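For reference, the structure is listed below as structure tokens.
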Amino acid sequence: MAATEQRLSTTVLVIGTGGAGLRASVELAEAGVDVLAVGKRPKDDAHTSLAAGGINAALATMDPEDTWQQHAADTLKESYLLGDPRTTEIVTRGAARGIDDLERYGMAFAREHDGRISQRFFGAHTFRRTAFAGDYTGLEIQRTLVRRAEQLRIPVLEGVYITRILTHEGAVFGAYGFDLKDGTRYRVHADAVILAAGGHTRIWRRTSSRRDENTGDSFRLAVEAGARLRDPELVQFHPSGIIEPENAAGTLVSEAARGEGGILRNALGERYMSRYDPERMELSTRDRVALASYTEIKEGRGTEKGGVWLDVSHLPRQTIMDRLPRVYQTLLDLQMLDITRDPVEVAPTAHYSMGGVWVRPEDHSTDVRGLYAIGEASSGLHGANRLGGNSLIELLVYGRITGRAAAAYSESLTAQSRSAAAVAEARAEVDELLAADGPENVRALQRAVRNTMTEHAGVVRDEEGLRTGLAELAVIEKRMEDVGVHPDIAGFQDLAHAFDLKAAVLAARATLEAALERRETRGCHNRSDHPDMKEELRVNLVWSPATGITRESIPPVPEEIASLMQEVPTDGKLQE
């Protein structure tokens, strides 16, 4: 029997209902533009809700000397000069307005006694510019945007998996997907599509992303529509993800644990950070702490389960209960572990995609007319190391800008050109997978991808390992031809996993090939066979299946920004 297929029509389709997708949707609705937001997860449970630390803007509420120019300088310096200066200026200039928007929507920021928004140090910032709401900043932003979307009556389709962006002659005309519960197909016609479906950190074995999110969906959807990826090899690894239980491996132990005085020890009981950053010790940067932990484990000084110990048990119990309540509760829930008494076993975990879909800085448009990408799906701001607190403000700034750009693009069209062949191809892709009855298990192949990426493209890479990874990936791609897909009474999750696998393999290939090309060590990207930073590689690496890797030059940093780039004092400050 033919699957039910619903046809919907909107001016702008937003794929993804996290902070980026909802902010763009709100901008469109406030401008009176027809918008539909689609997400595979419930909007209340989007990835944005996990962000704890805070959101950056040079408000100068605590340090009057702070400026957007200094924020830009700190961002570009932390990017190891791979961030785009124009993107950086747009975000840092627009940051205060982003905070104003959240206030207008009713977000409750932490405030000083006189009513000023509180700001604290976070990451390599020259001044205090990270606004926050307890240690639930991302969750509060998501709640605020969900509430605003409801006030505006923005239609949100939850539990719908988008399988393809529909294009004709280099322009989008909508998207195709299916309902995760009953398999109902959706064909959505739209003048413009905004892609806000996250990054690709789930393709590693340990990741702070939850199951079935950040599998590279944005990368696959964009590339198959005709777009390109930029710097997919630049992935931030967080130093402290838990090791077990397996279904929660990679769940973060907040850096607040180190900030409050947590100590890292190897299996021999040594406080090993003295070997890697004797001045800052556990307060060093994410990339340094992750590399230190990785080295201890790799050289045989890790625990039996492949981790190191993070210990806060020497701190007063009340300090832990007051300052680290989420960490305490999380470990109690997941491991029945009392961190006031015992150390936590942790290891570096894939945390954030700093590369992503290639976009123009002005409006985050892509190579495909009418297709935009924002949030972790996009690239340009973070370079080789993300300044702590910048990801949330990026969502606010570009959500607004891209919403307006998509509306203007729609307004400029004299007609929308569609393709019956493109729809038929999208329909056939789903039909073929549903008919697949081979011996290969989709979940087992996903695990194989994660194992390959963890072994050969983790915290430290080298030529031999990356080439081995590509060879293993080719075997996985061959095995994918014989998968079996079996929806059942519980729903169509198995079909979603098959599409997740397609995305993961594409993202893995892009990452491995770009990591092979970047023969240097820069920020998060550590090449043991090329330990130095190379000036000729101060370029962005742009990837597509058609062209492979091309090098793209980075515009010069304006003098007013360059003159402010300096070493930031770090005494007593956690560096991320």
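Chain identifiers are assigned as A, B, and so on, following the order in which chains appear in the structure tokens; residues are numbered from 1 within each chain, and ligands are numbered from 1 in order of appearance.
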Produce a table with one row for each residue of range 85-125 of chain A that has an atom at most 8 Å from any atom of range 69-78 of chain A, each row naming the nearest atom pair and its distance in Å at one decimal; use only C-alpha atoms; arrange rows by chain and rising residue number; format as CSV.
```
residue,atom,partner,partner_atom,distance
A:Pro85,CA,A:Leu76,CA,7.1
A:Thr88,CA,A:Ala72,CA,5.8
A:Glu89,CA,A:Ala72,CA,6.1
A:Thr92,CA,A:Ala72,CA,5.9
A:Arg93,CA,A:Gln69,CA,7.9
A:Ala124,CA,A:Asp74,CA,6.9
A:His125,CA,A:Asp74,CA,6.1
```
Just C-alpha atoms for this one: save the residues we selected as a PDB file, in the first residue's frame.
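This went into selection-v6.pdb:
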```
ATOM      1  CA  PRO A  85      36.797  38.465  10.496  1.00  0.00           C
ATOM      2  CA  THR A  88      33.157  37.792  13.812  1.00  0.00           C
ATOM      3  CA  GLU A  89      32.364  41.495  13.439  1.00  0.00           C
ATOM      4  CA  THR A  92      30.127  40.786  18.153  1.00  0.00           C
ATOM      5  CA  ARG A  93      28.480  43.993  16.871  1.00  0.00           C
ATOM      6  CA  ALA A 124      39.753  33.529  27.119  1.00  0.00           C
ATOM      7  CA  HIS A 125      37.876  36.822  27.499  1.00  0.00           C
TER       8      HIS A 125
END
```
Next item on the list: Compile the contact shell of Ala420 in chain A as a list in words: residues with an atom at most 12 Å away, counting only C-alpha atoms, same-chain residues fewer than 5 positions apart removed.
Entry: Leu166, Thr167, His168, Phe173, Arg187, His189, Glu425, Ala426 and Arg427 of chain A
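With only C-alpha atoms taken into account, the protein and nucleic acid residues at most 7 Å from Ala507 in chain A (excluding it and anything under 5 positions from it in its own chain) are His200, Gly216 and Phe219 of chain A.
When CA of Val475 in chain A is paired with CA of Thr207 in chain A, their separation reads 23.6 Å.
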Next item on the list: Please give the complete set of residues from range 112-265 of chain A that DSSP, run on the backbone, assigns to alpha helix (DSSP H), formatted as number ranges by chain.
Entry: A: 137-151, 217-225, 256-259
Check: Could you pull out all residues of range 131-228 of chain A with a DSSP call of strand (DSSP E) and give them as a PyMOL selection string?
Finding: chain A and resi 131+156-158+160-168+171-179+185-195
